[in-house]
>>> print(open('query-v9.tsv').read())   # TSV, N, CA and C atoms
chain	number	residue	atom	x	y	z
A	295	MET	N	0.83	-1.18	0.00
A	295	MET	CA	0.00	0.00	0.00
A	295	MET	C	0.88	1.25	0.00
A	296	LYS	N	0.47	2.20	-0.80
A	296	LYS	CA	1.25	3.44	-0.91
A	296	LYS	C	1.00	4.34	0.30
A	297	ASN	N	2.04	5.04	0.70
A	297	ASN	CA	1.91	6.04	1.76
A	297	ASN	C	1.60	7.38	1.12
A	298	THR	N	0.36	7.58	0.75
A	298	THR	CA	-0.04	8.84	0.13
A	298	THR	C	-1.24	9.41	0.87
A	299	TYR	N	-1.54	10.64	0.59
A	299	TYR	CA	-2.72	11.31	1.13
A	299	TYR	C	-3.40	12.02	-0.04
A	300	PRO	N	-4.06	11.25	-0.92
A	300	PRO	CA	-4.64	11.84	-2.12
A	300	PRO	C	-5.88	12.69	-1.83
A	301	LYS	N	-6.25	13.48	-2.81
A	301	LYS	CA	-7.35	14.42	-2.66
A	301	LYS	C	-8.66	13.72	-2.27
A	302	HIS	N	-8.92	12.55	-2.83
A	302	HIS	CA	-10.19	11.88	-2.54
A	302	HIS	C	-10.27	11.35	-1.10
A	303	GLU	N	-9.16	11.36	-0.36
A	303	GLU	CA	-9.18	10.96	1.05
A	303	GLU	C	-9.40	12.14	1.99
A	304	LYS	N	-9.34	13.35	1.48
A	304	LYS	CA	-9.46	14.53	2.33
A	304	LYS	C	-10.92	14.77	2.71
A	305	LEU	N	-11.11	15.07	3.97
A	305	LEU	CA	-12.45	15.33	4.49
A	305	LEU	C	-12.77	16.80	4.24
A	306	LYS	N	-13.74	17.04	3.34
A	306	LYS	CA	-14.10	18.42	2.99
A	306	LYS	C	-15.59	18.71	3.10
A	307	SER	N	-16.39	17.67	3.12
A	307	SER	CA	-17.84	17.83	3.12
A	307	SER	C	-18.33	18.45	4.43
A	308	LYS	N	-19.00	19.58	4.32
A	308	LYS	CA	-19.52	20.26	5.50
A	308	LYS	C	-20.53	19.39	6.25
A	309	THR	N	-21.36	18.67	5.51
A	309	THR	CA	-22.36	17.82	6.17
A	309	THR	C	-21.69	16.67	6.94
A	310	THR	N	-20.63	16.11	6.38
A	310	THR	CA	-19.92	15.05	7.08
A	310	THR	C	-19.21	15.58	8.32
A	311	ILE	N	-18.62	16.77	8.20
A	311	ILE	CA	-17.95	17.39	9.35
A	311	ILE	C	-18.97	17.70	10.45
A	312	ASP	N	-20.14	18.22	10.07
A	312	ASP	CA	-21.20	18.47	11.05
A	312	ASP	C	-21.64	17.17	11.72
A	313	LEU	N	-21.74	16.10	10.93
A	313	LEU	CA	-22.10	14.79	11.47
A	313	LEU	C	-21.06	14.31	12.49
A	314	LEU	N	-19.78	14.55	12.19
A	314	LEU	CA	-18.70	14.18	13.12
A	314	LEU	C	-18.88	14.86	14.47
A	315	PHE	N	-19.18	16.16	14.44
A	315	PHE	CA	-19.29	16.89	15.70
A	315	PHE	C	-20.59	16.60	16.44
A	316	SER	N	-21.65	16.21	15.72
A	316	SER	CA	-22.91	15.94	16.40
A	316	SER	C	-23.01	14.48	16.88
A	317	GLU	N	-22.55	13.52	16.07
A	317	GLU	CA	-22.74	12.11	16.40
A	317	GLU	C	-21.46	11.32	16.55
A	318	GLY	N	-20.32	11.96	16.35
A	318	GLY	CA	-19.05	11.24	16.37
A	318	GLY	C	-18.63	10.77	17.74
A	319	LYS	N	-17.87	9.71	17.77
A	319	LYS	CA	-17.26	9.20	18.99
A	319	LYS	C	-15.79	9.57	18.93
A	320	SER	N	-15.13	9.57	20.09
A	320	SER	CA	-13.72	9.97	20.05
A	320	SER	C	-12.86	9.07	20.92
A	321	VAL	N	-11.58	9.05	20.55
A	321	VAL	CA	-10.54	8.41	21.35
A	321	VAL	C	-9.41	9.42	21.47
A	322	SER	N	-8.71	9.38	22.59
A	322	SER	CA	-7.64	10.35	22.83
A	322	SER	C	-6.36	9.68	23.29
A	323	LYS	N	-5.29	10.30	22.93
A	323	LYS	CA	-3.97	9.96	23.44
A	323	LYS	C	-3.24	11.29	23.52
A	324	TYR	N	-3.14	11.84	24.74
A	324	TYR	CA	-2.65	13.20	24.92
A	324	TYR	C	-1.42	13.46	24.05
A	325	PRO	N	-1.41	14.55	23.33
A	325	PRO	CA	-2.36	15.65	23.17
A	325	PRO	C	-3.24	15.50	21.93
A	326	LEU	N	-3.34	14.29	21.39
A	326	LEU	CA	-4.09	14.08	20.16
A	326	LEU	C	-5.47	13.52	20.46
A	327	ARG	N	-6.43	13.89	19.61
A	327	ARG	CA	-7.78	13.37	19.74
A	327	ARG	C	-8.28	13.01	18.36
A	328	LEU	N	-8.96	11.90	18.26
A	328	LEU	CA	-9.48	11.42	16.99
A	328	LEU	C	-10.99	11.27	17.14
A	329	VAL	N	-11.76	11.99	16.32
A	329	VAL	CA	-13.22	11.89	16.33
A	329	VAL	C	-13.61	11.15	15.07
A	330	TYR	N	-14.47	10.15	15.20
A	330	TYR	CA	-14.82	9.33	14.04
A	330	TYR	C	-16.31	9.03	14.01
A	331	VAL	N	-16.78	8.78	12.81
A	331	VAL	CA	-18.17	8.36	12.62
A	331	VAL	C	-18.20	7.44	11.39
A	332	PRO	N	-18.95	6.33	11.47
A	332	PRO	CA	-19.07	5.46	10.30
A	332	PRO	C	-19.89	6.15	9.21
A	333	VAL	N	-19.43	6.07	7.98
A	333	VAL	CA	-20.13	6.68	6.84
A	333	VAL	C	-20.09	5.71	5.66
A	334	THR	N	-20.93	5.97	4.68
A	334	THR	CA	-20.85	5.22	3.42
A	334	THR	C	-20.13	6.10	2.42
A	335	LEU	N	-19.07	5.58	1.86
A	335	LEU	CA	-18.26	6.34	0.92
A	335	LEU	C	-18.30	5.69	-0.46
A	336	GLU	N	-18.17	6.51	-1.49
A	336	GLU	CA	-18.18	6.02	-2.86
A	336	GLU	C	-16.84	5.41	-3.22
A	337	GLU	N	-16.79	4.76	-4.35
A	337	GLU	CA	-15.59	4.18	-4.95
A	337	GLU	C	-14.72	3.41	-3.94
A	338	ASN	N	-15.38	2.56	-3.18
A	338	ASN	CA	-14.77	1.68	-2.16
A	338	ASN	C	-13.64	2.30	-1.34
A	339	LEU	N	-13.82	3.55	-0.96
A	339	LEU	CA	-12.88	4.22	-0.05
A	339	LEU	C	-13.11	3.70	1.36
A	340	LYS	N	-12.08	3.68	2.14
A	340	LYS	CA	-12.20	3.25	3.54
A	340	LYS	C	-12.24	4.43	4.49
A	341	ILE	N	-11.73	5.59	4.05
A	341	ILE	CA	-11.49	6.66	5.01
A	341	ILE	C	-11.57	8.04	4.35
A	342	LYS	N	-12.13	8.98	5.10
A	342	LYS	CA	-12.04	10.41	4.79
A	342	LYS	C	-11.41	11.02	6.03
A	343	PHE	N	-10.36	11.80	5.83
A	343	PHE	CA	-9.54	12.21	6.95
A	343	PHE	C	-9.27	13.71	6.92
A	344	GLY	N	-9.43	14.38	8.06
A	344	GLY	CA	-9.12	15.80	8.17
A	344	GLY	C	-8.34	16.08	9.45
A	345	VAL	N	-7.64	17.22	9.47
A	345	VAL	CA	-6.86	17.61	10.65
A	345	VAL	C	-7.28	19.00	11.12
A	346	SER	N	-7.06	19.25	12.40
A	346	SER	CA	-7.39	20.55	12.95
A	346	SER	C	-6.46	20.88	14.11
A	347	VAL	N	-6.06	22.15	14.15
A	347	VAL	CA	-5.25	22.67	15.26
A	347	VAL	C	-5.94	23.93	15.74
A	348	SER	N	-6.20	24.02	17.01
A	348	SER	CA	-7.00	25.10	17.56
A	348	SER	C	-6.28	26.46	17.57
A	349	LYS	N	-7.03	27.48	17.22
A	349	LYS	CA	-6.54	28.85	17.29
A	349	LYS	C	-6.36	29.27	18.75
A	350	LYS	N	-7.10	28.61	19.63
A	350	LYS	CA	-7.01	28.89	21.06
A	350	LYS	C	-5.59	28.64	21.57
A	351	TYR	N	-4.95	27.58	21.07
A	351	TYR	CA	-3.62	27.22	21.54
A	351	TYR	C	-2.49	27.84	20.73
A	352	PHE	N	-2.71	28.01	19.44
A	352	PHE	CA	-1.68	28.60	18.57
A	352	PHE	C	-2.28	29.79	17.84
A	353	LYS	N	-1.96	30.98	18.32
A	353	LYS	CA	-2.55	32.20	17.77
A	353	LYS	C	-2.06	32.48	16.35
A	354	LYS	N	-0.80	32.15	16.08
A	354	LYS	CA	-0.22	32.46	14.78
A	354	LYS	C	-0.53	31.34	13.78
A	355	ALA	N	-0.98	31.73	12.59
A	355	ALA	CA	-1.31	30.76	11.56
A	355	ALA	C	-0.10	29.92	11.16
A	356	VAL	N	1.08	30.50	11.24
A	356	VAL	CA	2.30	29.78	10.91
A	356	VAL	C	2.45	28.56	11.81
A	357	ASP	N	2.20	28.74	13.09
A	357	ASP	CA	2.31	27.63	14.04
A	357	ASP	C	1.22	26.59	13.81
A	358	ARG	N	-0.01	27.04	13.58
A	358	ARG	CA	-1.11	26.10	13.31
A	358	ARG	C	-0.83	25.29	12.05
A	359	ASN	N	-0.36	25.95	11.03
A	359	ASN	CA	-0.08	25.25	9.77
A	359	ASN	C	1.04	24.23	9.92
A	360	TYR	N	2.04	24.56	10.72
A	360	TYR	CA	3.13	23.62	10.97
A	360	TYR	C	2.58	22.34	11.59
A	361	TYR	N	1.76	22.47	12.64
A	361	TYR	CA	1.24	21.28	13.30
A	361	TYR	C	0.24	20.53	12.42
A	362	LYS	N	-0.49	21.23	11.58
A	362	LYS	CA	-1.38	20.54	10.63
A	362	LYS	C	-0.55	19.72	9.65
A	363	ARG	N	0.56	20.27	9.18
A	363	ARG	CA	1.44	19.52	8.27
A	363	ARG	C	2.00	18.28	8.96
A	364	VAL	N	2.41	18.44	10.21
A	364	VAL	CA	2.95	17.31	10.97
A	364	VAL	C	1.87	16.23	11.15
A	365	LEU	N	0.65	16.63	11.50
A	365	LEU	CA	-0.43	15.66	11.68
A	365	LEU	C	-0.74	14.92	10.38
A	366	ARG	N	-0.78	15.65	9.27
A	366	ARG	CA	-1.04	15.01	7.97
A	366	ARG	C	0.07	14.03	7.61
A	367	GLU	N	1.30	14.40	7.91
A	367	GLU	CA	2.44	13.53	7.61
A	367	GLU	C	2.42	12.27	8.47
A	368	THR	N	2.12	12.41	9.75
A	368	THR	CA	2.06	11.22	10.61
A	368	THR	C	0.91	10.32	10.18
A	369	TYR	N	-0.20	10.91	9.75
A	369	TYR	CA	-1.30	10.10	9.21
A	369	TYR	C	-0.85	9.36	7.96
A	370	ARG	N	-0.22	10.09	7.04
A	370	ARG	CA	0.20	9.51	5.76
A	370	ARG	C	1.12	8.31	5.98
A	371	LEU	N	2.05	8.42	6.91
A	371	LEU	CA	3.00	7.35	7.14
A	371	LEU	C	2.41	6.17	7.91
A	372	ASN	N	1.36	6.41	8.69
A	372	ASN	CA	0.82	5.36	9.56
A	372	ASN	C	-0.60	4.94	9.20
A	373	LYS	N	-1.12	5.39	8.07
A	373	LYS	CA	-2.52	5.08	7.76
A	373	LYS	C	-2.75	3.61	7.48
A	374	SER	N	-1.70	2.87	7.17
A	374	SER	CA	-1.87	1.43	6.94
A	374	SER	C	-2.38	0.73	8.20
A	375	ILE	N	-2.02	1.25	9.37
A	375	ILE	CA	-2.54	0.71	10.64
A	375	ILE	C	-4.06	0.77	10.63
A	376	LEU	N	-4.60	1.88	10.16
A	376	LEU	CA	-6.05	2.06	10.12
A	376	LEU	C	-6.69	1.21	9.04
A	377	ILE	N	-6.23	1.38	7.82
A	377	ILE	CA	-6.91	0.78	6.67
A	377	ILE	C	-6.85	-0.75	6.70
A	378	ASP	N	-5.75	-1.30	7.17
A	378	ASP	CA	-5.63	-2.77	7.21
A	378	ASP	C	-6.56	-3.40	8.25
A	379	ASN	N	-7.01	-2.61	9.22
A	379	ASN	CA	-7.83	-3.17	10.30
A	379	ASN	C	-9.27	-2.69	10.31
A	380	MET	N	-9.68	-1.96	9.28
A	380	MET	CA	-11.06	-1.44	9.25
A	380	MET	C	-11.90	-2.27	8.29
A	381	GLU	N	-13.11	-2.63	8.74
A	381	GLU	CA	-14.04	-3.34	7.87
A	381	GLU	C	-15.03	-2.37	7.25
A	382	GLN	N	-15.24	-1.24	7.90
A	382	GLN	CA	-16.24	-0.27	7.49
A	382	GLN	C	-15.55	1.05	7.15
A	383	SER	N	-16.26	1.91	6.41
A	383	SER	CA	-15.71	3.23	6.06
A	383	SER	C	-15.97	4.22	7.20
A	384	TYR	N	-15.01	5.09	7.43
A	384	TYR	CA	-15.13	6.08	8.49
A	384	TYR	C	-14.71	7.46	8.00
A	385	ALA	N	-15.36	8.47	8.56
A	385	ALA	CA	-14.89	9.85	8.44
A	385	ALA	C	-14.19	10.14	9.76
A	386	ILE	N	-12.97	10.67	9.65
A	386	ILE	CA	-12.14	10.87	10.84
A	386	ILE	C	-11.58	12.27	10.85
A	387	MET	N	-11.63	12.91	12.02
A	387	MET	CA	-11.02	14.22	12.22
A	387	MET	C	-9.97	14.05	13.32
A	388	PHE	N	-8.81	14.63	13.07
A	388	PHE	CA	-7.63	14.46	13.93
A	388	PHE	C	-7.31	15.82	14.53
A	389	PHE	N	-7.27	15.93	15.86
A	389	PHE	CA	-7.04	17.21	16.54
A	389	PHE	C	-5.75	17.20	17.34
A	390	TYR	N	-5.08	18.35	17.35
A	390	TYR	CA	-3.93	18.58	18.22
A	390	TYR	C	-4.42	19.53	19.29
A	391	GLN	N	-4.45	19.10	20.56
A	391	GLN	CA	-5.14	19.85	21.60
A	391	GLN	C	-4.27	20.22	22.79
A	392	THR	N	-3.26	20.99	22.56
A	392	THR	CA	-2.45	21.47	23.68
A	392	THR	C	-1.59	22.64	23.22
A	393	LYS	N	-1.11	23.40	24.19
A	393	LYS	CA	-0.15	24.47	23.88
A	393	LYS	C	1.25	23.91	23.75
A	394	ASP	N	1.46	22.71	24.32
A	394	ASP	CA	2.79	22.09	24.31
A	394	ASP	C	3.27	21.89	22.89
A	395	ARG	N	4.51	22.24	22.65
A	395	ARG	CA	5.10	22.10	21.31
A	395	ARG	C	5.91	20.81	21.27
A	396	LEU	N	5.23	19.73	20.93
A	396	LEU	CA	5.91	18.44	20.88
A	396	LEU	C	6.74	18.31	19.61
A	397	THR	N	7.75	17.47	19.67
A	397	THR	CA	8.57	17.23	18.49
A	397	THR	C	7.82	16.30	17.53
A	398	TYR	N	8.31	16.22	16.31
A	398	TYR	CA	7.71	15.34	15.31
A	398	TYR	C	7.72	13.89	15.80
A	399	GLN	N	8.83	13.45	16.39
A	399	GLN	CA	8.93	12.07	16.86
A	399	GLN	C	7.90	11.75	17.93
A	400	GLU	N	7.70	12.68	18.86
A	400	GLU	CA	6.70	12.47	19.91
A	400	GLU	C	5.30	12.39	19.32
A	401	ILE	N	5.00	13.27	18.38
A	401	ILE	CA	3.67	13.27	17.75
A	401	ILE	C	3.48	11.98	16.97
A	402	ASN	N	4.51	11.52	16.28
A	402	ASN	CA	4.42	10.29	15.50
A	402	ASN	C	4.16	9.08	16.41
A	403	GLU	N	4.86	9.00	17.54
A	403	GLU	CA	4.65	7.91	18.49
A	403	GLU	C	3.22	7.92	19.02
A	404	ARG	N	2.74	9.09	19.39
A	404	ARG	CA	1.38	9.20	19.94
A	404	ARG	C	0.33	8.90	18.87
A	405	THR	N	0.63	9.24	17.62
A	405	THR	CA	-0.29	8.94	16.53
A	405	THR	C	-0.45	7.44	16.38
A	406	VAL	N	0.64	6.71	16.40
A	406	VAL	CA	0.59	5.25	16.30
A	406	VAL	C	-0.22	4.68	17.46
A	407	GLN	N	0.03	5.17	18.67
A	407	GLN	CA	-0.72	4.70	19.84
A	407	GLN	C	-2.20	5.02	19.71
A	408	LEU	N	-2.51	6.22	19.21
A	408	LEU	CA	-3.90	6.63	19.04
A	408	LEU	C	-4.60	5.78	17.99
A	409	PHE	N	-3.93	5.51	16.88
A	409	PHE	CA	-4.53	4.67	15.83
A	409	PHE	C	-4.80	3.27	16.35
A	410	GLU	N	-3.89	2.73	17.15
A	410	GLU	CA	-4.10	1.39	17.73
A	410	GLU	C	-5.26	1.40	18.72
A	411	LYS	N	-5.39	2.47	19.48
A	411	LYS	CA	-6.51	2.61	20.42
A	411	LYS	C	-7.83	2.72	19.66
A	412	PHE	N	-7.82	3.44	18.54
A	412	PHE	CA	-9.00	3.57	17.69
A	412	PHE	C	-9.42	2.21	17.14
A	413	ILE	N	-8.46	1.43	16.65
A	413	ILE	CA	-8.75	0.11	16.10
A	413	ILE	C	-9.37	-0.79	17.16
A	414	THR	N	-8.82	-0.78	18.37
A	414	THR	CA	-9.41	-1.62	19.43
A	414	THR	C	-10.81	-1.15	19.79
A	415	SER	N	-11.05	0.17	19.77
A	415	SER	CA	-12.38	0.67	20.12
A	415	SER	C	-13.42	0.30	19.05
A	416	ILE	N	-13.05	0.33	17.76
A	416	ILE	CA	-14.04	-0.04	16.75
A	416	ILE	C	-14.26	-1.56	16.73
A	417	LYS	N	-13.23	-2.32	17.08
A	417	LYS	CA	-13.41	-3.77	17.17
A	417	LYS	C	-14.32	-4.12	18.34
A	418	ASN	N	-14.19	-3.38	19.45
A	418	ASN	CA	-15.07	-3.59	20.60
A	418	ASN	C	-16.51	-3.24	20.26
A	419	GLU	N	-16.72	-2.20	19.48
A	419	GLU	CA	-18.07	-1.83	19.05
A	419	GLU	C	-18.69	-2.92	18.20
A	420	HIS	N	-17.91	-3.52	17.31
A	420	HIS	CA	-18.42	-4.58	16.45
A	420	HIS	C	-18.79	-5.82	17.23
A	421	THR	N	-18.04	-6.11	18.28
A	421	THR	CA	-18.35	-7.30	19.07
A	421	THR	C	-19.59	-7.09	19.93
A	422	ARG	N	-19.85	-5.84	20.34
A	422	ARG	CA	-21.03	-5.55	21.15
A	422	ARG	C	-22.31	-5.59	20.33
A	423	SER	N	-22.23	-5.21	19.05
A	423	SER	CA	-23.46	-5.15	18.26
A	423	SER	C	-23.78	-6.42	17.53
>>> encode(input="query-v9.tsv", output="structure tokens")
Amino acid sequence: MKNTYPKHEKLKSKTTIDLLFSEGKSVSKYPLRLVYVPVTLEENLKIKFGVSVSKKYFKKAVDRNYYKRVLRETYRLNKSILIDNMEQSYAIMFFYQTKDRLTYQEINERTVQLFEKFITSIKNEHTRS
């Protein structure tokens, strides 16, 4: 599987984003948070993915953009963890929620841990239903 983040994987739909905030479930691994909701996607896609960094924590757009780039890169490199273990399609929003300026390596480690936590939580949901 290629480590890419193509345009068709980007979460842009306002209705889907609204659905994430109204009905989405979340998992956290400080300082990252992942909000997800099952959706039906066209052309056998498994995932729609977006990132967000709060203006509350980083006032300057330069800083917010840096962390958004880091989050997208960690997703791109580790998305195989998600896609290989998902049976259903999901819309996912990825948040960086702290003032702390973590290094790329720390964010990457926490991303892997968060993705693994997400996989276990969706597997638990499937076993309950």
>>> atom_distance(input="query-v9.tsv", atom1="atom C of A:Glu317", atom2="atom C of A:Val333")
12.3 Å
>>> residues_around(input="query-v9.tsv", residues="stretch 418-422 of chain A", least_positions_apart="6", cutoff="12 Å", atoms="only C-alpha atoms", output="PyMOL selection string")
chain A and resi 319+332+380-382+411-412
>>> residues_around(input="query-v9.tsv", residues="A:Phe388", least_positions_apart="6", cutoff="8 Å", atoms="only C-alpha atoms", output="PDB file with N, CA and C atoms, in the frame of the given file")
ATOM      1  N   LEU A 326      -3.340  14.290  21.390  1.00  0.00           N
ATOM      2  CA  LEU A 326      -4.090  14.080  20.160  1.00  0.00           C
ATOM      3  C   LEU A 326      -5.470  13.520  20.460  1.00  0.00           C
ATOM      4  N   ARG A 327      -6.430  13.890  19.610  1.00  0.00           N
ATOM      5  CA  ARG A 327      -7.780  13.370  19.740  1.00  0.00           C
ATOM      6  C   ARG A 327      -8.280  13.010  18.360  1.00  0.00           C
ATOM      7  N   LEU A 328      -8.960  11.900  18.260  1.00  0.00           N
ATOM      8  CA  LEU A 328      -9.480  11.420  16.990  1.00  0.00           C
ATOM      9  C   LEU A 328     -10.990  11.270  17.140  1.00  0.00           C
ATOM     10  N   VAL A 329     -11.760  11.990  16.320  1.00  0.00           N
ATOM     11  CA  VAL A 329     -13.220  11.890  16.330  1.00  0.00           C
ATOM     12  C   VAL A 329     -13.610  11.150  15.070  1.00  0.00           C
ATOM     13  N   PHE A 343     -10.360  11.800   5.830  1.00  0.00           N
ATOM     14  CA  PHE A 343      -9.540  12.210   6.950  1.00  0.00           C
ATOM     15  C   PHE A 343      -9.270  13.710   6.920  1.00  0.00           C
ATOM     16  N   GLY A 344      -9.430  14.380   8.060  1.00  0.00           N
ATOM     17  CA  GLY A 344      -9.120  15.800   8.170  1.00  0.00           C
ATOM     18  C   GLY A 344      -8.340  16.080   9.450  1.00  0.00           C
ATOM     19  N   VAL A 345      -7.640  17.220   9.470  1.00  0.00           N
ATOM     20  CA  VAL A 345      -6.860  17.610  10.650  1.00  0.00           C
ATOM     21  C   VAL A 345      -7.280  19.000  11.120  1.00  0.00           C
ATOM     22  N   SER A 346      -7.060  19.250  12.400  1.00  0.00           N
ATOM     23  CA  SER A 346      -7.390  20.550  12.950  1.00  0.00           C
ATOM     24  C   SER A 346      -6.460  20.880  14.110  1.00  0.00           C
ATOM     25  N   LEU A 365       0.650  16.630  11.500  1.00  0.00           N
ATOM     26  CA  LEU A 365      -0.430  15.660  11.680  1.00  0.00           C
ATOM     27  C   LEU A 365      -0.740  14.920  10.380  1.00  0.00           C
TER      28      LEU A 365
END
>>> residues_around(input="query-v9.tsv", residues="A:Pro325", least_positions_apart="2", cutoff="6 Å", atoms="only N, CA and C atoms", output="ChimeraX atom specification")
/A:323,327,389-392
>>> closest_residue(input="query-v9.tsv", among="A:Arg404, A:Lys354, A:Lys417, A:Lys342", to="A:Asn372", atoms="only C-alpha atoms")
A:Arg404
>>> atom_distance(input="query-v9.tsv", atom1="atom C of A:Lys301", atom2="atom C of A:Tyr361")
18.5 Å
>>> select_by_dssp(input="query-v9.tsv", residues="chain A", states="alpha helix (DSSP H)", output="PyMOL selection string")
chain A and resi 308-317+355-377+398-422
>>> select_by_dssp(input="query-v9.tsv", residues="stretch 298-420 of chain A", states="strand (DSSP E or B)", output="list of chain:residue names")
A:Lys304, A:Lys319, A:Ser320, A:Val321, A:Ser322, A:Lys323, A:Leu326, A:Arg327, A:Leu328, A:Val329, A:Tyr330, A:Val331, A:Pro332, A:Ile341, A:Lys342, A:Phe343, A:Gly344, A:Val345, A:Ser346, A:Val347, A:Tyr384, A:Ala385, A:Ile386, A:Met387, A:Phe388, A:Phe389, A:Tyr390
>>> atom_distance(input="query-v9.tsv", atom1="atom N of A:Lys296", atom2="atom CA of A:Lys373")
9.5 Å
>>> closest_residue(input="query-v9.tsv", among="A:Ser320, A:Asn338, A:Phe352, A:Asn297", to="A:Arg395", atoms="only C-alpha atoms")
A:Phe352
>>> closest_residue(input="query-v9.tsv", among="A:Val356, A:Val331, A:Ile341, A:Val321", to="A:His302", atoms="only N, CA and C atoms")
A:Ile341
>>> closest_residue(input="query-v9.tsv", among="A:Arg363, A:Arg370, A:Arg358, A:Lys350", to="A:Lys393", atoms="only N, CA and C atoms")
A:Lys350
>>> residues_around(input="query-v9.tsv", residues="A:Glu410", least_positions_apart="5", cutoff="8 Å", atoms="all atoms listed in the file", output="list in words")
Ile375, Leu376, Arg404, Thr405, Ser415 and Ile416 of chain A
>>> decode(input="query-v9.tsv", residues="stretch 297-303 of chain A", atoms="all heavy atoms", output="compact mmCIF listing (two decimals), in the first residue's frame")
# COMPACT_ATOMS: atom_id res chain seq x y z
N ASN A 297 2.04 5.04 0.70
CA ASN A 297 1.91 6.04 1.76
C ASN A 297 1.60 7.38 1.12
O ASN A 297 2.49 8.22 0.95
CB ASN A 297 3.20 6.14 2.58
CG ASN A 297 3.38 4.97 3.50
OD1 ASN A 297 2.41 4.31 3.85
ND2 ASN A 297 4.59 4.71 3.89
N THR A 298 0.36 7.58 0.75
CA THR A 298 -0.04 8.84 0.13
C THR A 298 -1.24 9.41 0.87
O THR A 298 -1.89 8.71 1.65
CB THR A 298 -0.42 8.63 -1.35
OG1 THR A 298 -1.51 7.71 -1.43
CG2 THR A 298 0.75 8.10 -2.16
N TYR A 299 -1.54 10.64 0.59
CA TYR A 299 -2.72 11.31 1.13
C TYR A 299 -3.40 12.02 -0.04
O TYR A 299 -3.31 13.23 -0.17
CB TYR A 299 -2.31 12.28 2.23
CG TYR A 299 -3.46 12.95 2.95
CD1 TYR A 299 -4.64 12.29 3.23
CD2 TYR A 299 -3.35 14.27 3.36
CE1 TYR A 299 -5.67 12.91 3.90
CE2 TYR A 299 -4.37 14.90 4.04
CZ TYR A 299 -5.53 14.22 4.30
OH TYR A 299 -6.55 14.84 4.97
N PRO A 300 -4.06 11.25 -0.92
CA PRO A 300 -4.64 11.84 -2.12
C PRO A 300 -5.88 12.69 -1.83
O PRO A 300 -6.47 12.61 -0.74
CB PRO A 300 -5.02 10.62 -2.96
CG PRO A 300 -5.19 9.53 -1.98
CD PRO A 300 -4.27 9.83 -0.83
N LYS A 301 -6.25 13.48 -2.81
CA LYS A 301 -7.35 14.42 -2.66
C LYS A 301 -8.66 13.72 -2.27
O LYS A 301 -9.42 14.25 -1.46
CB LYS A 301 -7.53 15.16 -3.99
CG LYS A 301 -8.45 16.33 -3.91
CD LYS A 301 -8.43 17.10 -5.21
CE LYS A 301 -9.25 18.36 -5.08
NZ LYS A 301 -9.17 19.18 -6.28
N HIS A 302 -8.92 12.55 -2.83
CA HIS A 302 -10.19 11.88 -2.54
C HIS A 302 -10.27 11.35 -1.10
O HIS A 302 -11.34 11.00 -0.64
CB HIS A 302 -10.47 10.75 -3.54
CG HIS A 302 -9.48 9.63 -3.50
ND1 HIS A 302 -8.39 9.58 -4.33
CD2 HIS A 302 -9.39 8.54 -2.71
CE1 HIS A 302 -7.69 8.50 -4.06
NE2 HIS A 302 -8.27 7.85 -3.08
N GLU A 303 -9.16 11.36 -0.36
CA GLU A 303 -9.18 10.96 1.05
C GLU A 303 -9.40 12.14 1.99
O GLU A 303 -9.58 11.94 3.17
CB GLU A 303 -7.85 10.29 1.43
CG GLU A 303 -7.83 8.82 1.23
CD GLU A 303 -6.54 8.19 1.71
OE1 GLU A 303 -5.84 8.76 2.56
OE2 GLU A 303 -6.22 7.11 1.21
